[in-house]
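*Asks:* Please see the structure below; I have some questions.
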Amino acid sequence: NYQTQVQNLIATDSPPEGVVFEVVNRDEHYLDWAMPEVERIVKLLREKFPQLDVAVVTHGSEQFALTKQNLGGNAALSNSLDSLLDSNVPVHVCGTFAEWKGVAPEEFSELVNVAAAGPAQINDYRSLGYVRIRIDKQSR
């Protein structure tokens with residue numbers, strides 16, 4: 001589970017090249033829980049490794065919470081997004097899945113990066129030596 005992965009990373013002497021958090025869920029409100037959880041973990045990891053590169057890729061139904069329309073009515077999620085960006089943590093959504101659901105890239109907040117494909121974006125990070133951590137409520 002992700003908490004074990006985080007503890008194992010903190011227990012090591014040298015950090016990976018970076019960490020990419022994968023968030024994928026059918027629940028449109030999942031980011032209300034997942035983004036603050038990622039914020040919490042980023043703080044923990046950076047206490048040990050201050051220069052650690054971190055990114056977030058969200059590529060399920062939850063990503064639609066990051067459209068301009070939905071984010072405008074969700075101050076808590078908006079604050080989490082701002083906090084991650086202020087911590088130099090880019091947040092990516094999946095353009096392919098959005099297209100399948102009829103959501104144009106322009107509909108997302110300008111604060112997020114619309115990747116061509118979420119899984120490909122994760123693989124790009126992994127090829128750079130990033131460790132993938134899947135944020136999954138069931139494995140808490």
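Each chain of the structure tokens is named A, B, ... in the order shown, its residues numbered from 1; ligands are numbered from 1 in display order.
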Using only C-alpha atoms, which protein or nucleic acid residues come within 12 Å of Tyr125 of chain A? Drop anything in the same chain fewer than 3 positions from it, and give the result as a list in words.

*Replies:*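 These residues fall inside the cut-off: Pro16, Glu17, Gly18, Val19, Val20, Phe21, Glu22, Asp53, Val54, Ala55, Val56, Val57, Pro90, His92, Gly118, Pro119, Ala120, Gln121, Ile122, Leu128, Gly129, Tyr130, Val131, Arg132 and Ile133 of chain A.
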
*Asks:* Which of segment 31-89 of chain A counts as alpha helix (DSSP H) under DSSP, as a PDB file with C-alpha atoms, in the first residue's frame please?

*Replies:*
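Now in states03.pdb:
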```
ATOM      1  CA  LEU A  31      -9.586  14.444  -5.075  1.00  0.00           C
ATOM      2  CA  ASP A  32     -11.275  16.057  -2.049  1.00  0.00           C
ATOM      3  CA  TRP A  33      -9.510  13.332  -0.067  1.00  0.00           C
ATOM      4  CA  ALA A  34      -6.545  12.518  -2.320  1.00  0.00           C
ATOM      5  CA  MET A  35      -5.073  15.998  -2.858  1.00  0.00           C
ATOM      6  CA  PRO A  36      -4.745  16.851   0.856  1.00  0.00           C
ATOM      7  CA  GLU A  37      -3.301  13.354   1.361  1.00  0.00           C
ATOM      8  CA  VAL A  38      -0.696  14.001  -1.349  1.00  0.00           C
ATOM      9  CA  GLU A  39       0.086  17.371   0.274  1.00  0.00           C
ATOM     10  CA  ARG A  40       0.640  15.610   3.605  1.00  0.00           C
ATOM     11  CA  ILE A  41       2.949  13.006   2.057  1.00  0.00           C
ATOM     12  CA  VAL A  42       4.934  15.603   0.102  1.00  0.00           C
ATOM     13  CA  LYS A  43       5.636  17.426   3.380  1.00  0.00           C
ATOM     14  CA  LEU A  44       6.791  14.164   5.002  1.00  0.00           C
ATOM     15  CA  LEU A  45       9.038  13.243   2.081  1.00  0.00           C
ATOM     16  CA  ARG A  46      10.555  16.711   1.834  1.00  0.00           C
ATOM     17  CA  GLU A  47      11.337  16.786   5.557  1.00  0.00           C
ATOM     18  CA  LYS A  48      13.758  13.952   4.763  1.00  0.00           C
ATOM     19  CA  LYS A  68     -12.531  25.522 -14.111  1.00  0.00           C
ATOM     20  CA  GLN A  69     -16.258  25.097 -13.483  1.00  0.00           C
ATOM     21  CA  ASN A  70     -15.891  22.432 -10.757  1.00  0.00           C
ATOM     22  CA  LEU A  71     -12.822  23.934  -9.110  1.00  0.00           C
ATOM     23  CA  GLY A  72     -14.572  27.300  -8.825  1.00  0.00           C
ATOM     24  CA  ALA A  75     -12.374  26.153  -2.237  1.00  0.00           C
ATOM     25  CA  ALA A  76     -10.702  23.321  -0.296  1.00  0.00           C
ATOM     26  CA  LEU A  77      -9.592  21.504  -3.456  1.00  0.00           C
ATOM     27  CA  SER A  78      -8.532  24.785  -5.037  1.00  0.00           C
ATOM     28  CA  ASN A  79      -6.386  25.514  -1.959  1.00  0.00           C
ATOM     29  CA  SER A  80      -4.803  22.038  -2.142  1.00  0.00           C
ATOM     30  CA  LEU A  81      -3.975  22.562  -5.805  1.00  0.00           C
ATOM     31  CA  ASP A  82      -2.447  25.976  -5.060  1.00  0.00           C
ATOM     32  CA  SER A  83      -0.436  24.526  -2.191  1.00  0.00           C
ATOM     33  CA  LEU A  84       0.990  21.744  -4.368  1.00  0.00           C
ATOM     34  CA  LEU A  85       1.883  24.171  -7.135  1.00  0.00           C
ATOM     35  CA  ASP A  86       3.513  26.528  -4.601  1.00  0.00           C
TER      36      ASP A  86
END
```

*Asks:* Need the shell around Ser61 of chain A: protein/DNA/RNA residues with any atom at most 8 Å away, counting only C-alpha atoms. Skip same-chain ones fewer than 6 positions apart. Format as a list in words?

*Replies:* Val24, Asn25, Arg26, Asp27 and Glu28 of chain A

*Asks:* Do you have the atom CA of Val93 of chain A-atom CA of Gln7 of chain A distance handy?

*Replies:* 26.5 Å

*Asks:* Extract the full set of strand (DSSP E) residues from segment 15-122 of chain A according to DSSP on the backbone, and format it as a ChimeraX atom specification.

*Replies:* /A:18-23,53-58,91-94,113-115

*Asks:* Generate a file of the selected residues that holds N, CA, C and O atoms, formatted as an mmCIF file, in the first residue's frame.

*Replies:*
```
data_model
loop_
_atom_site.group_PDB
_atom_site.id
_atom_site.type_symbol
_atom_site.label_atom_id
_atom_site.label_comp_id
_atom_site.auth_asym_id
_atom_site.auth_seq_id
_atom_site.Cartn_x
_atom_site.Cartn_y
_atom_site.Cartn_z
ATOM 1 N N GLY A 18 12.809 11.096 -8.127
ATOM 2 C CA GLY A 18 11.584 11.817 -7.831
ATOM 3 C C GLY A 18 10.484 10.841 -7.493
ATOM 4 O O GLY A 18 10.691 9.623 -7.490
ATOM 5 N N VAL A 19 9.314 11.379 -7.203
ATOM 6 C CA VAL A 19 8.143 10.574 -6.893
ATOM 7 C C VAL A 19 6.995 11.094 -7.750
ATOM 8 O O VAL A 19 6.773 12.310 -7.825
ATOM 9 N N VAL A 20 6.290 10.183 -8.404
ATOM 10 C CA VAL A 20 5.084 10.561 -9.138
ATOM 11 C C VAL A 20 3.904 9.875 -8.453
ATOM 12 O O VAL A 20 3.896 8.658 -8.276
ATOM 13 N N PHE A 21 2.953 10.681 -8.009
ATOM 14 C CA PHE A 21 1.749 10.160 -7.385
ATOM 15 C C PHE A 21 0.705 9.914 -8.459
ATOM 16 O O PHE A 21 0.398 10.815 -9.238
ATOM 17 N N GLU A 22 0.187 8.703 -8.487
ATOM 18 C CA GLU A 22 -0.871 8.353 -9.426
ATOM 19 C C GLU A 22 -2.192 8.340 -8.672
ATOM 20 O O GLU A 22 -2.320 7.688 -7.640
ATOM 21 N N VAL A 23 -3.163 9.085 -9.206
ATOM 22 C CA VAL A 23 -4.502 9.105 -8.621
ATOM 23 C C VAL A 23 -5.466 8.714 -9.732
ATOM 24 O O VAL A 23 -5.518 9.371 -10.770
ATOM 25 N N ASP A 53 12.042 15.877 -6.192
ATOM 26 C CA ASP A 53 11.084 16.242 -7.240
ATOM 27 C C ASP A 53 9.834 15.384 -7.088
ATOM 28 O O ASP A 53 9.931 14.171 -6.886
ATOM 29 N N VAL A 54 8.682 16.015 -7.207
ATOM 30 C CA VAL A 54 7.411 15.325 -7.033
ATOM 31 C C VAL A 54 6.439 15.816 -8.109
ATOM 32 O O VAL A 54 6.466 16.990 -8.484
ATOM 33 N N ALA A 55 5.598 14.908 -8.597
ATOM 34 C CA ALA A 55 4.554 15.260 -9.554
ATOM 35 C C ALA A 55 3.309 14.446 -9.224
ATOM 36 O O ALA A 55 3.385 13.419 -8.542
ATOM 37 N N VAL A 56 2.161 14.919 -9.726
ATOM 38 C CA VAL A 56 0.892 14.216 -9.550
ATOM 39 C C VAL A 56 0.275 14.004 -10.926
ATOM 40 O O VAL A 56 0.250 14.924 -11.744
ATOM 41 N N VAL A 57 -0.203 12.778 -11.161
ATOM 42 C CA VAL A 57 -0.952 12.484 -12.380
ATOM 43 C C VAL A 57 -2.287 11.897 -11.961
ATOM 44 O O VAL A 57 -2.344 10.877 -11.274
ATOM 45 N N THR A 58 -3.358 12.550 -12.349
ATOM 46 C CA THR A 58 -4.709 12.080 -12.051
ATOM 47 C C THR A 58 -5.378 11.765 -13.388
ATOM 48 O O THR A 58 -5.365 12.585 -14.299
ATOM 49 N N VAL A 91 0.745 19.210 -11.466
ATOM 50 C CA VAL A 91 -0.413 18.319 -11.455
ATOM 51 C C VAL A 91 -0.864 18.126 -12.901
ATOM 52 O O VAL A 91 -1.118 19.096 -13.616
ATOM 53 N N HIS A 92 -0.921 16.859 -13.330
ATOM 54 C CA HIS A 92 -1.305 16.510 -14.695
ATOM 55 C C HIS A 92 -2.648 15.792 -14.700
ATOM 56 O O HIS A 92 -2.933 15.007 -13.795
ATOM 57 N N VAL A 93 -3.459 16.060 -15.723
ATOM 58 C CA VAL A 93 -4.689 15.306 -15.972
ATOM 59 C C VAL A 93 -4.529 14.612 -17.317
ATOM 60 O O VAL A 93 -3.640 14.947 -18.100
ATOM 61 N N CYS A 94 -5.398 13.660 -17.587
ATOM 62 C CA CYS A 94 -5.313 12.854 -18.808
ATOM 63 C C CYS A 94 -6.192 13.428 -19.921
ATOM 64 O O CYS A 94 -7.421 13.386 -19.831
ATOM 65 N N ASN A 113 -1.672 20.687 -15.918
ATOM 66 C CA ASN A 113 -1.131 20.343 -17.229
ATOM 67 C C ASN A 113 -1.998 19.239 -17.817
ATOM 68 O O ASN A 113 -2.191 18.208 -17.173
ATOM 69 N N VAL A 114 -2.526 19.453 -19.011
ATOM 70 C CA VAL A 114 -3.311 18.415 -19.677
ATOM 71 C C VAL A 114 -2.339 17.568 -20.491
ATOM 72 O O VAL A 114 -1.861 17.982 -21.551
ATOM 73 N N ALA A 115 -2.010 16.394 -19.951
ATOM 74 C CA ALA A 115 -1.097 15.466 -20.623
ATOM 75 C C ALA A 115 -1.860 14.759 -21.736
ATOM 76 O O ALA A 115 -3.076 14.587 -21.652
#
```
